[in-house]
$ cat structure.cif   # mmCIF, C-alpha atoms
data_protein
#
loop_
_atom_site.label_atom_id
_atom_site.label_comp_id
_atom_site.auth_asym_id
_atom_site.auth_seq_id
_atom_site.Cartn_x
_atom_site.Cartn_y
_atom_site.Cartn_z
CA MET A 1 190.40 -14.26 82.56
CA ILE A 2 188.68 -16.73 84.80
CA SER A 3 187.39 -18.57 81.77
CA LYS A 4 190.88 -18.59 80.29
CA ILE A 5 192.30 -20.02 83.49
CA LEU A 6 189.55 -22.58 83.53
CA ILE A 7 190.28 -23.49 79.95
CA ALA A 8 193.98 -23.65 80.66
CA ALA A 9 193.32 -25.78 83.70
CA ALA A 10 191.03 -27.99 81.71
CA GLU A 11 193.65 -28.42 79.08
CA GLY A 12 196.12 -29.30 81.81
CA GLU A 13 198.38 -26.51 80.60
CA ALA A 14 200.54 -25.35 83.48
CA ALA A 15 200.53 -21.58 83.91
CA PRO A 16 204.09 -20.22 83.51
CA ASN A 17 205.97 -19.54 86.70
CA PRO A 18 205.84 -15.72 87.21
CA LEU A 19 209.29 -15.82 88.80
CA LEU A 20 211.04 -17.17 85.75
CA PRO A 21 211.54 -14.61 83.03
CA ALA A 22 211.09 -15.53 79.40
CA SER A 23 214.05 -14.77 77.16
CA TYR A 24 212.15 -12.09 75.23
CA ASP A 25 211.09 -10.52 78.54
CA LEU A 26 214.70 -10.15 79.62
CA LEU A 27 215.76 -8.92 76.22
CA TRP A 28 213.20 -6.18 75.90
CA SER A 29 213.70 -5.18 79.52
CA SER A 30 217.40 -4.81 78.91
CA VAL A 31 216.79 -2.84 75.74
CA VAL A 32 214.46 -0.42 77.53
CA PHE A 33 216.74 -0.11 80.52
CA VAL A 34 219.97 0.33 78.60
CA ILE A 35 218.53 2.90 76.22
CA LEU A 36 217.10 4.95 79.08
CA LEU A 37 220.24 4.59 81.16
CA ALA A 38 222.37 5.88 78.30
CA PHE A 39 219.84 8.60 77.58
CA PHE A 40 219.80 9.86 81.16
CA TRP A 41 223.53 9.39 81.61
CA PHE A 42 224.79 11.16 78.53
CA LYS A 43 221.98 13.45 77.50
CA VAL A 44 219.53 14.46 80.19
CA LEU A 45 221.59 14.65 83.36
CA PRO A 46 224.65 16.50 81.97
CA ASN A 47 222.40 19.19 80.56
CA PHE A 48 220.39 19.30 83.74
CA LYS A 49 223.54 19.67 85.80
CA LYS A 50 224.84 22.37 83.50
CA THR A 51 221.62 24.30 83.90
CA LEU A 52 221.72 24.02 87.66
CA ASP A 53 225.38 24.97 87.82
CA ALA A 54 224.84 27.94 85.55
CA ARG A 55 221.97 29.06 87.73
CA THR A 56 223.96 28.65 90.91
CA GLU A 57 226.81 30.59 89.37
CA ALA A 58 224.48 33.32 88.18
CA ILE A 59 222.85 33.63 91.57
CA GLU A 60 226.19 33.67 93.34
CA GLY A 61 227.54 36.19 90.84
CA ARG A 62 224.56 38.43 91.33
CA LEU A 63 224.78 38.16 95.08
CA GLU A 64 228.45 39.05 94.91
CA ALA A 65 227.73 42.02 92.66
CA ALA A 66 225.00 43.17 95.01
CA GLU A 67 227.33 42.86 97.98
CA LYS A 68 229.98 44.83 96.13
CA ALA A 69 227.50 47.53 95.22
CA GLN A 70 226.36 47.69 98.81
CA ALA A 71 229.91 47.96 100.07
CA GLU A 72 230.59 50.72 97.55
CA ALA A 73 227.49 52.58 98.60
CA ALA A 74 228.48 52.23 102.25
CA ALA A 75 231.96 53.53 101.48
CA LYS A 76 230.48 56.46 99.58
CA THR A 77 228.15 57.26 102.44
CA ALA A 78 231.04 57.11 104.88
CA ASN A 79 233.05 59.42 102.63
CA ILE A 80 230.22 61.87 102.37
CA GLU A 81 229.69 61.82 106.10
CA ALA A 82 233.36 62.39 106.73
CA GLU A 83 233.36 65.27 104.27
CA GLN A 84 230.33 66.74 105.93
CA ALA A 85 231.93 66.47 109.34
CA GLU A 86 235.06 68.11 107.96
CA ALA A 87 233.06 70.88 106.40
CA ARG A 88 231.17 71.42 109.61
CA ALA A 89 234.39 71.53 111.59
CA GLU A 90 235.90 73.98 109.13
CA ALA A 91 232.84 76.16 109.24
CA SER A 92 232.88 76.31 113.00
CA LYS A 93 236.62 77.02 112.94
CA ILE A 94 236.04 79.87 110.52
CA ARG A 95 233.25 81.16 112.71
CA GLU A 96 235.50 81.02 115.75
CA GLU A 97 238.26 82.83 113.94
CA ALA A 98 235.88 85.44 112.69
CA ARG A 99 234.53 85.95 116.15
CA ALA A 100 238.02 86.29 117.59
CA GLU A 101 239.06 88.63 114.81
CA GLY A 102 235.93 90.66 115.32
CA ALA A 103 236.70 90.92 118.99
CA VAL A 104 240.24 92.06 118.22
CA ILE A 105 239.00 94.59 115.69
CA LEU A 106 236.44 95.86 118.12
CA ALA A 107 239.03 96.22 120.83
CA GLU A 108 241.35 98.03 118.44
CA LEU A 109 238.59 100.31 117.34
CA LYS A 110 237.66 100.99 120.90
CA GLU A 111 241.27 101.75 121.75
CA GLN A 112 241.60 103.97 118.70
CA ALA A 113 238.45 105.78 119.60
CA ALA A 114 239.60 106.17 123.17
CA SER A 115 243.00 107.46 122.14
CA GLU A 116 241.42 109.75 119.59
CA ALA A 117 239.11 111.04 122.21
CA ALA A 118 242.00 111.51 124.60
CA ARG A 119 243.97 113.26 121.89
CA LEU A 120 241.07 115.51 121.07
CA THR A 121 240.54 116.25 124.73
CA ALA A 122 244.22 117.03 125.18
CA THR A 123 244.29 119.28 122.12
CA ALA A 124 241.20 121.06 123.24
CA LYS A 125 242.62 121.51 126.74
CA ALA A 126 245.89 122.84 125.32
CA GLN A 127 244.05 125.20 123.03
CA ILE A 128 241.86 126.37 125.83
CA GLU A 129 244.93 126.89 128.00
CA ALA A 130 246.65 128.77 125.19
CA GLU A 131 243.62 130.91 124.61
CA ARG A 132 243.29 131.50 128.30
CA GLN A 133 246.97 132.52 128.44
CA ALA A 134 246.50 134.78 125.43
CA ALA A 135 243.36 136.24 126.94
CA LEU A 136 245.19 136.69 130.24
CA ILE A 137 248.09 138.43 128.60
CA SER A 138 245.93 140.69 126.50
CA LEU A 139 243.69 141.27 129.47
CA ARG A 140 246.67 142.15 131.64
CA ALA A 141 247.91 144.59 129.02
CA GLU A 142 244.52 146.10 128.50
CA VAL A 143 243.68 146.14 132.17
CA GLY A 144 246.97 147.96 132.85
CA SER A 145 246.35 150.70 130.29
CA LEU A 146 242.69 150.92 131.19
CA ALA A 147 243.54 151.25 134.84
CA ILE A 148 246.09 153.92 134.13
CA ASP A 149 243.65 155.73 131.91
CA LEU A 150 241.08 155.46 134.60
CA ALA A 151 243.42 156.54 137.34
CA SER A 152 244.76 159.41 135.21
CA SER A 153 241.33 160.64 134.60
CA VAL A 154 240.51 160.21 138.32
CA VAL A 155 243.69 161.88 139.57
CA GLY A 156 243.65 164.35 136.77
CA ALA A 157 247.29 164.05 135.99
CA SER A 158 249.26 161.95 133.76
CA LEU A 159 250.70 159.07 135.53
CA LYS A 160 251.97 157.45 132.54
CA ASN A 161 255.64 158.04 133.00
CA ASP A 162 255.52 158.06 136.68
CA LYS A 163 257.43 155.46 138.55
CA VAL A 164 254.93 155.36 141.28
CA ALA A 165 252.13 154.89 138.89
CA SER A 166 253.76 151.94 137.25
CA GLY A 167 254.52 150.46 140.69
CA VAL A 168 250.89 150.81 141.72
CA VAL A 169 249.71 149.18 138.61
CA ASP A 170 252.04 146.28 139.05
CA GLN A 171 250.96 145.94 142.65
CA PHE A 172 247.36 145.92 141.62
CA LEU A 173 247.87 143.36 138.96
CA ALA A 174 249.77 141.11 141.33
CA ASP A 175 246.94 141.37 143.79
CA LEU A 176 244.46 140.70 141.09
CA GLU A 177 246.35 137.66 140.02
CA ALA A 178 246.58 136.38 143.58
CA SER A 179 242.91 136.84 144.10
CA ASP A 180 242.27 135.26 140.74
CA LYS A 181 244.33 132.21 141.78
CA ALA A 182 242.54 132.07 145.09
CA GLY A 183 239.23 132.27 143.26
CA LYS A 184 240.26 129.44 141.01
CA LYS A 185 241.17 127.31 143.99
CA ASN A 186 237.82 127.98 145.41
CA MET B 1 197.12 -15.52 81.89
CA GLU B 2 197.22 -11.81 81.28
CA PHE B 3 200.84 -11.62 82.24
CA TYR B 4 201.64 -13.85 79.29
CA PRO B 5 199.58 -12.47 76.46
CA GLU B 6 199.82 -13.99 73.04
CA ILE B 7 202.92 -13.28 71.08
CA LEU B 8 202.28 -10.76 68.35
CA ALA B 9 205.54 -10.91 66.43
CA PHE B 10 208.83 -12.77 66.22
CA GLU B 11 207.37 -15.73 68.04
CA GLY B 12 209.88 -18.25 69.25
CA THR B 13 212.82 -15.83 69.12
CA PRO B 14 214.23 -13.72 71.97
CA PHE B 15 212.74 -10.73 70.09
CA ALA B 16 209.21 -11.94 70.54
CA LEU B 17 206.81 -9.09 71.15
CA ASN B 18 203.63 -9.32 73.11
CA ARG B 19 201.30 -6.68 74.53
CA ILE B 20 203.42 -6.07 77.60
CA MET B 21 206.61 -5.73 75.59
CA LEU B 22 204.83 -3.24 73.36
CA ILE B 23 203.68 -1.32 76.42
CA ARG B 24 207.31 -1.20 77.57
CA LEU B 25 208.40 0.16 74.23
CA LEU B 26 205.61 2.72 74.39
CA VAL B 27 206.72 3.83 77.85
CA LEU B 28 210.30 3.94 76.62
CA SER B 29 209.36 6.25 73.77
CA LEU B 30 207.22 8.44 76.01
CA LEU B 31 210.01 8.79 78.56
CA VAL B 32 212.50 9.58 75.83
CA VAL B 33 210.20 12.19 74.29
CA VAL B 34 209.32 13.89 77.57
CA PHE B 35 212.87 13.99 78.86
CA TRP B 36 214.18 14.98 75.48
CA LEU B 37 211.83 17.97 75.54
CA TRP B 38 213.02 18.87 79.00
CA THR B 39 216.63 18.47 77.95
CA ARG B 40 216.00 20.78 75.04
CA LYS B 41 214.65 23.34 77.49
CA PHE B 42 217.78 22.98 79.59
CA GLN B 43 219.97 23.43 76.55
CA GLN B 44 218.01 26.49 75.48
CA ALA B 45 218.33 27.93 78.96
CA ASN B 46 222.06 27.29 78.89
CA LYS B 47 222.42 28.92 75.53
CA THR B 48 220.29 31.98 76.17
CA LYS B 49 221.52 32.41 79.75
CA THR B 50 218.01 32.48 81.13
CA PHE B 51 218.29 31.47 84.72
CA VAL B 52 214.62 31.63 85.55
CA PRO B 53 212.95 28.40 84.46
CA GLY B 54 209.56 28.37 82.80
CA LYS B 55 206.71 26.19 84.00
CA PHE B 56 207.57 23.27 81.77
CA GLN B 57 211.25 23.40 82.57
CA LEU B 58 210.45 23.69 86.25
CA MET B 59 208.39 20.50 86.09
CA GLY B 60 211.37 18.68 84.63
CA GLU B 61 213.66 20.14 87.27
CA ILE B 62 211.34 19.13 90.06
CA SER B 63 211.11 15.58 88.69
CA LEU B 64 214.85 15.20 88.26
CA ASN B 65 215.61 16.95 91.51
CA PHE B 66 213.35 14.56 93.37
CA VAL B 67 215.77 11.74 92.64
CA ARG B 68 218.83 13.95 92.78
CA LYS B 69 218.16 15.74 96.04
CA SER B 70 215.65 13.69 98.01
CA ILE B 71 217.23 10.34 97.23
CA ALA B 72 220.78 10.60 95.94
CA HIS B 73 222.14 13.63 97.81
CA ASP B 74 220.32 12.76 101.01
CA GLN B 75 221.78 9.27 101.18
CA LEU B 76 225.10 9.55 99.41
CA GLY B 77 226.05 13.20 99.70
CA GLU B 78 226.54 15.45 96.70
CA LYS B 79 229.68 13.90 95.27
CA ASP B 80 228.76 10.22 95.37
CA GLY B 81 225.14 11.10 94.75
CA ASP B 82 226.03 12.69 91.43
CA ARG B 83 228.29 9.75 90.61
CA PHE B 84 225.48 7.23 90.80
CA LEU B 85 222.75 9.58 89.69
CA PRO B 86 222.34 8.18 86.13
CA LEU B 87 221.51 4.71 87.44
CA LEU B 88 219.21 6.02 90.16
CA THR B 89 217.38 8.39 87.85
CA THR B 90 216.92 5.67 85.26
CA ILE B 91 215.64 3.15 87.79
CA PHE B 92 213.22 5.66 89.25
CA PHE B 93 211.68 6.87 86.02
CA VAL B 94 211.62 3.45 84.36
CA THR B 95 209.90 1.94 87.37
CA LEU B 96 207.49 4.83 87.72
CA GLY B 97 206.62 4.89 84.03
CA MET B 98 206.20 1.13 83.80
CA ASN B 99 204.15 0.97 87.01
CA ILE B 100 201.79 3.71 85.93
CA THR B 101 200.66 1.79 82.87
CA GLY B 102 198.86 -0.57 85.24
CA ILE B 103 196.09 1.97 85.70
CA ILE B 104 196.10 3.68 82.32
CA PRO B 105 192.92 2.76 80.45
CA GLY B 106 193.70 0.76 77.34
CA LEU B 107 197.05 -0.41 78.65
CA ASN B 108 195.86 -1.70 82.02
CA ILE B 109 198.92 -3.68 82.87
CA ALA B 110 202.17 -2.57 84.44
CA GLY B 111 205.33 -3.00 82.40
CA THR B 112 206.96 -4.16 85.61
CA SER B 113 204.40 -6.88 86.29
CA VAL B 114 206.43 -9.49 84.45
CA ILE B 115 209.66 -10.17 86.21
CA GLY B 116 212.14 -9.51 83.42
CA LEU B 117 212.41 -5.76 83.90
CA PRO B 118 212.62 -5.89 87.71
CA ILE B 119 215.33 -8.54 87.36
CA VAL B 120 217.31 -6.38 84.95
CA MET B 121 217.07 -3.37 87.26
CA ALA B 122 217.84 -5.40 90.37
CA LEU B 123 220.91 -6.81 88.60
CA ALA B 124 221.99 -3.31 87.66
CA ALA B 125 221.59 -2.23 91.29
CA TYR B 126 223.45 -5.36 92.47
CA VAL B 127 226.36 -4.85 90.10
CA THR B 128 226.51 -1.18 90.96
CA PHE B 129 226.66 -1.53 94.71
CA ILE B 130 229.27 -4.28 94.49
CA TYR B 131 231.24 -2.11 92.06
CA ALA B 132 230.94 0.83 94.44
CA GLY B 133 232.18 -1.30 97.33
CA ILE B 134 235.13 -2.77 95.45
CA LYS B 135 236.12 0.59 94.00
CA LYS B 136 236.17 2.11 97.45
CA HIS B 137 237.50 -0.70 99.63
CA GLY B 138 238.93 -3.30 97.22
CA VAL B 139 238.62 -6.87 98.45
CA GLY B 140 238.14 -5.44 101.91
CA PHE B 141 234.59 -4.75 100.85
CA PHE B 142 233.72 -8.47 100.90
CA LYS B 143 235.60 -8.99 104.12
CA ALA B 144 233.82 -6.11 105.78
CA SER B 145 230.45 -7.28 104.46
CA LEU B 146 230.84 -10.90 105.43
CA PHE B 147 232.82 -10.46 108.64
CA PRO B 148 231.34 -7.40 110.27
CA ALA B 149 233.61 -5.64 112.72
CA GLY B 150 232.86 -5.82 116.41
CA VAL B 151 231.50 -9.36 116.32
CA PRO B 152 233.37 -12.00 118.39
CA PRO B 153 235.19 -14.33 115.95
CA ALA B 154 233.25 -17.38 117.12
CA PHE B 155 230.00 -15.85 115.95
CA TYR B 156 231.23 -15.60 112.39
CA ILE B 157 230.09 -19.20 111.98
CA LEU B 158 226.60 -17.86 112.38
CA VAL B 159 226.92 -14.30 111.13
CA THR B 160 228.83 -14.87 107.93
CA PRO B 161 226.29 -17.14 106.21
CA ILE B 162 223.51 -14.76 107.23
CA GLU B 163 225.40 -11.77 105.87
CA LEU B 164 226.22 -13.64 102.69
CA LEU B 165 222.60 -14.55 102.21
CA SER B 166 221.18 -11.13 103.06
CA THR B 167 223.72 -8.97 101.29
CA PHE B 168 224.58 -10.88 98.17
CA ILE B 169 221.52 -13.00 97.52
CA LEU B 170 218.46 -11.58 99.17
CA ARG B 171 219.05 -7.95 98.27
CA PRO B 172 218.64 -8.29 94.51
CA VAL B 173 216.00 -11.00 94.86
CA THR B 174 213.84 -8.92 97.17
CA LEU B 175 214.29 -5.85 94.99
CA ALA B 176 212.95 -7.68 91.96
CA LEU B 177 210.28 -9.65 93.75
CA ARG B 178 208.90 -6.76 95.77
CA LEU B 179 208.27 -4.73 92.65
CA THR B 180 206.87 -7.55 90.53
CA MET B 181 204.60 -8.93 93.21
CA ASN B 182 203.25 -5.49 94.04
CA MET B 183 202.36 -4.97 90.42
CA ILE B 184 200.90 -8.44 89.98
CA ALA B 185 198.84 -8.13 93.14
CA GLY B 186 197.64 -4.68 92.13
CA HIS B 187 196.65 -5.93 88.73
CA LEU B 188 194.82 -8.93 90.19
CA LEU B 189 192.94 -6.68 92.61
CA LEU B 190 191.81 -4.38 89.84
CA VAL B 191 190.86 -7.30 87.61
CA LEU B 192 188.92 -8.84 90.47
CA CYS B 193 187.03 -5.66 91.26
CA PHE B 194 186.20 -4.74 87.71
CA SER B 195 185.35 -8.22 86.48
CA ALA B 196 183.11 -8.61 89.53
CA THR B 197 181.47 -5.31 88.62
CA GLN B 198 180.99 -6.58 85.09
CA PHE B 199 179.57 -9.84 86.36
CA PHE B 200 177.18 -8.30 88.86
CA LEU B 201 175.90 -5.61 86.53
CA PHE B 202 175.32 -7.69 83.46
CA ASN B 203 175.10 -11.32 84.49
CA ALA B 204 173.58 -11.25 87.98
CA GLU B 205 169.88 -11.24 88.71
CA GLY B 206 167.83 -8.63 90.62
CA ALA B 207 169.31 -7.22 93.80
CA PHE B 208 172.69 -8.74 93.11
CA LYS B 209 173.19 -6.00 90.54
CA LEU B 210 173.65 -3.64 93.50
CA PHE B 211 176.83 -5.46 94.42
CA GLY B 212 178.18 -4.16 91.14
CA ALA B 213 178.14 -0.60 92.48
CA GLY B 214 180.07 -1.72 95.56
CA THR B 215 182.71 -3.55 93.61
CA PHE B 216 183.04 -0.63 91.24
CA VAL B 217 183.70 1.74 94.12
CA PHE B 218 186.33 -0.67 95.36
CA GLY B 219 187.82 -0.88 91.91
CA PHE B 220 187.96 2.90 91.72
CA ALA B 221 189.56 3.15 95.16
CA PHE B 222 192.12 0.51 94.25
CA THR B 223 192.93 2.36 91.06
CA LEU B 224 193.87 5.40 93.12
CA PHE B 225 195.72 3.13 95.49
CA GLU B 226 197.63 1.64 92.58
CA LEU B 227 198.69 5.15 91.57
CA LEU B 228 200.16 5.56 95.03
CA VAL B 229 201.75 2.10 94.87
CA ALA B 230 203.24 2.85 91.47
CA PHE B 231 204.98 5.92 92.85
CA LEU B 232 205.86 4.29 96.14
CA GLN B 233 207.43 1.22 94.55
CA ALA B 234 209.50 3.38 92.22
CA TYR B 235 210.64 5.36 95.24
CA VAL B 236 211.35 2.26 97.31
CA PHE B 237 213.31 0.54 94.54
CA THR B 238 215.43 3.63 93.97
CA LEU B 239 215.88 4.36 97.65
CA LEU B 240 216.95 0.79 98.44
CA THR B 241 219.43 0.82 95.58
CA THR B 242 220.82 4.06 97.01
CA VAL B 243 221.00 2.64 100.50
CA TYR B 244 222.84 -0.45 99.25
CA ILE B 245 225.34 1.77 97.48
CA GLN B 246 225.66 3.90 100.58
CA LEU B 247 226.28 0.82 102.75
CA ALA B 248 228.89 -0.39 100.29
CA LEU B 249 230.62 3.00 100.38
CA SER B 250 230.50 3.51 104.12
CA ASP B 251 233.64 2.71 106.03
CA GLU B 252 232.10 0.38 108.58
CA HIS B 253 229.49 -2.22 107.95
#

$ encode --input "structure.cif" --output "structure tokens"
Amino acid sequence: MISKILIAAAEGEAAPNPLLPASYDLLWSSVVFVILLAFFWFKVLPNFKKTLDARTEAIEGRLEAAEKAQAEAAAKTANIEAEQAEARAEASKIREEARAEGAVILAELKEQAASEAARLTATAKAQIEAERQAALISLRAEVGSLAIDLASSVVGASLKNDKVASGVVDQFLADLEASDKAGKKN
Amino acid sequence: MEFYPEILAFEGTPFALNRIMLIRLLVLSLLVVVFWLWTRKFQQANKTKTFVPGKFQLMGEISLNFVRKSIAHDQLGEKDGDRFLPLLTTIFFVTLGMNITGIIPGLNIAGTSVIGLPIVMALAAYVTFIYAGIKKHGVGFFKASLFPAGVPPAFYILVTPIELLSTFILRPVTLALRLTMNMIAGHLLLVLCFSATQFFLFNAEGAFKLFGAGTFVFGFAFTLFELLVAFLQAYVFTLLTTVYIQLALSDEH
């Protein structure tokens, strides 16, 4: 290069001014620039933009879908929770009812049992009273005849048709009854 | 000079081809092939409804999104950013691709190191930001640019020529010059380092050969630096274009 410059200098050939473009320089520069400008403008960048837009759209779409899915899941969870709460409430209601019913049934049963017992007691008492009356009556009859028999055999005479005898017996029985009543009171 | 290599074909016509023009065409084809492959991936993804990009597709998306998000959307917002995205994307990848050739062995010169391409891109940026301003504000765009609000009227004598110069003349000029000069300077630095290495290693005597190692290390470091510059200049060119558009669109200047 140095030698070239020296030669050029020796020949007195002025080096071209680097600020002034040669016509071919401008021409080829324009060719290169215009071709690339058109290429980028109409081919590369539109496709590039389309790709980016498609990606943005896809990402946004997926995000939206994900959000929707999440919302759905949340709604489902809420539903399930509500159902669970309802079920729990119902279960406890049923339990309460059952408990109350059980208490009622128990009370009824108790009452029935008590009344049954009272009835049984009353029946038994009545029966006992009846039997006692029957026993008393039969006893009175038997005691009367026994006493007369005894007295007859003691006195040696028949007192059976005697007025006195029947009066005595009555008197005796009345006394017996009175003493029996007194004994009962005691 | 290396920036004006011998014409290989069509000499004397505007279609003349030299090494640098061929490098530009090579970069053009590489960019078309790479981005066409990426575009095909995008189309496949659109067709098959695969929303998870593969490694290759992801690389394309990261590259395109760098301009789209970090430059266009950040400065202009999504709507206007997408409106001017074709121009910004083209400027960025053309500049990057053309800059990178400065350090690719065998090519060794940046496609942007002759001023034609930077001028074309600067003009595109210039036309675009003026178009953006007129579309948004009509003739008011020029009025707002040349007679900024909030300045006492008397100062317009001073302010208006400055604004005219800076907005409508210096902006495109600096865009083109900044890029070209960075590339030229980078190329000269690399040439200097590596031709010095060559000289010291093969032409120098004795201990001077050691200098060759030093210059080589410098050359290597500057190669890495040029990689950074290539990216940075592409970023700066695109970002400034975006900022100019943003200033033209904004309601107050």

$ interface_residues --input "structure.cif" --of "chain A" --to "chain B" --cutoff "6 Å" --atoms "all atoms listed in the file" --output "mmCIF file with C-alpha atoms, in the coordinates of the input"
data_model
loop_
_atom_site.group_PDB
_atom_site.id
_atom_site.type_symbol
_atom_site.label_atom_id
_atom_site.label_comp_id
_atom_site.auth_asym_id
_atom_site.auth_seq_id
_atom_site.Cartn_x
_atom_site.Cartn_y
_atom_site.Cartn_z
ATOM 1 C CA PRO A 21 211.540 -14.610 83.030
ATOM 2 C CA SER A 23 214.050 -14.770 77.160
ATOM 3 C CA TYR A 24 212.150 -12.090 75.230
ATOM 4 C CA ASP A 25 211.090 -10.520 78.540
ATOM 5 C CA LEU A 26 214.700 -10.150 79.620
ATOM 6 C CA SER A 29 213.700 -5.180 79.520
ATOM 7 C CA LEU A 37 220.240 4.590 81.160
ATOM 8 C CA PHE A 40 219.800 9.860 81.160
ATOM 9 C CA TRP A 41 223.530 9.390 81.610
ATOM 10 C CA VAL A 44 219.530 14.460 80.190
ATOM 11 C CA THR A 51 221.620 24.300 83.900
ATOM 12 C CA ARG A 55 221.970 29.060 87.730
#

$ resolve_selection --input "structure.cif" --expression "the PyMOL selection byres ((chain B and resi 128-138) around 10)" --output "mmCIF file with C-alpha atoms, in the coordinates of the input"
data_model
loop_
_atom_site.group_PDB
_atom_site.id
_atom_site.type_symbol
_atom_site.label_atom_id
_atom_site.label_comp_id
_atom_site.auth_asym_id
_atom_site.auth_seq_id
_atom_site.Cartn_x
_atom_site.Cartn_y
_atom_site.Cartn_z
ATOM 1 C CA ASP B 80 228.760 10.220 95.370
ATOM 2 C CA PHE B 84 225.480 7.230 90.800
ATOM 3 C CA LEU B 87 221.510 4.710 87.440
ATOM 4 C CA ALA B 122 217.840 -5.400 90.370
ATOM 5 C CA LEU B 123 220.910 -6.810 88.600
ATOM 6 C CA ALA B 124 221.990 -3.310 87.660
ATOM 7 C CA ALA B 125 221.590 -2.230 91.290
ATOM 8 C CA TYR B 126 223.450 -5.360 92.470
ATOM 9 C CA VAL B 127 226.360 -4.850 90.100
ATOM 10 C CA VAL B 139 238.620 -6.870 98.450
ATOM 11 C CA GLY B 140 238.140 -5.440 101.910
ATOM 12 C CA PHE B 141 234.590 -4.750 100.850
ATOM 13 C CA PHE B 142 233.720 -8.470 100.900
ATOM 14 C CA LYS B 143 235.600 -8.990 104.120
ATOM 15 C CA ALA B 144 233.820 -6.110 105.780
ATOM 16 C CA SER B 145 230.450 -7.280 104.460
ATOM 17 C CA THR B 167 223.720 -8.970 101.290
ATOM 18 C CA PHE B 168 224.580 -10.880 98.170
ATOM 19 C CA THR B 241 219.430 0.820 95.580
ATOM 20 C CA THR B 242 220.820 4.060 97.010
ATOM 21 C CA VAL B 243 221.000 2.640 100.500
ATOM 22 C CA TYR B 244 222.840 -0.450 99.250
ATOM 23 C CA ILE B 245 225.340 1.770 97.480
ATOM 24 C CA GLN B 246 225.660 3.900 100.580
ATOM 25 C CA LEU B 247 226.280 0.820 102.750
ATOM 26 C CA ALA B 248 228.890 -0.390 100.290
ATOM 27 C CA LEU B 249 230.620 3.000 100.380
ATOM 28 C CA SER B 250 230.500 3.510 104.120
ATOM 29 C CA ASP B 251 233.640 2.710 106.030
#

$ residues_around --input "structure.cif" --residues "B:Glu163" --least-positions-apart "5" --cutoff "10 Å" --atoms "only C-alpha atoms" --output "mmCIF file with C-alpha atoms, keeping the file's coordinate frame"
data_model
loop_
_atom_site.group_PDB
_atom_site.id
_atom_site.type_symbol
_atom_site.label_atom_id
_atom_site.label_comp_id
_atom_site.auth_asym_id
_atom_site.auth_seq_id
_atom_site.Cartn_x
_atom_site.Cartn_y
_atom_site.Cartn_z
ATOM 1 C CA SER B 145 230.450 -7.280 104.460
ATOM 2 C CA LEU B 146 230.840 -10.900 105.430
ATOM 3 C CA PHE B 147 232.820 -10.460 108.640
ATOM 4 C CA PRO B 148 231.340 -7.400 110.270
ATOM 5 C CA TYR B 156 231.230 -15.600 112.390
ATOM 6 C CA LEU B 158 226.600 -17.860 112.380
ATOM 7 C CA PHE B 168 224.580 -10.880 98.170
ATOM 8 C CA ILE B 169 221.520 -13.000 97.520
ATOM 9 C CA LEU B 170 218.460 -11.580 99.170
#

$ closest_residue --input "structure.cif" --among "B:Leu96, B:Gly106, B:Asn203, B:Ser70" --to "B:Ile23" --atoms "only C-alpha atoms"
B:Gly106

$ axis_aligned_box --input "structure.cif" --around "stretch 16-29 of chain B" --padding-each-side "8 Å" --output "lines of an AutoDock Vina configuration file"
center_x = 205.8
center_y = -2.8
center_z = 74.2
size_x = 25.0
size_y = 34.2
size_z = 23.3

$ atom_distance --input "structure.cif" --atom1 "atom CA of B:Ala72" --atom2 "atom CA of B:Gln233"
16.4 Å

$ atom_distance --input "structure.cif" --atom1 "atom CA of B:Met98" --atom2 "atom CA of B:Ala230"
8.4 Å

$ closest_residue --input "structure.cif" --among "B:Phe155, B:Pro105, B:Ala196, B:Phe225" --to "B:Phe208" --atoms "only C-alpha atoms"
B:Ala196

$ atom_distance --input "structure.cif" --atom1 "atom CA of B:Phe222" --atom2 "atom CA of B:Gly186"
7.9 Å

$ closest_residue --input "structure.cif" --among "B:Ile162, B:Ala204, B:Leu8, B:Leu190" --to "B:Glu226" --atoms "only C-alpha atoms"
B:Leu190
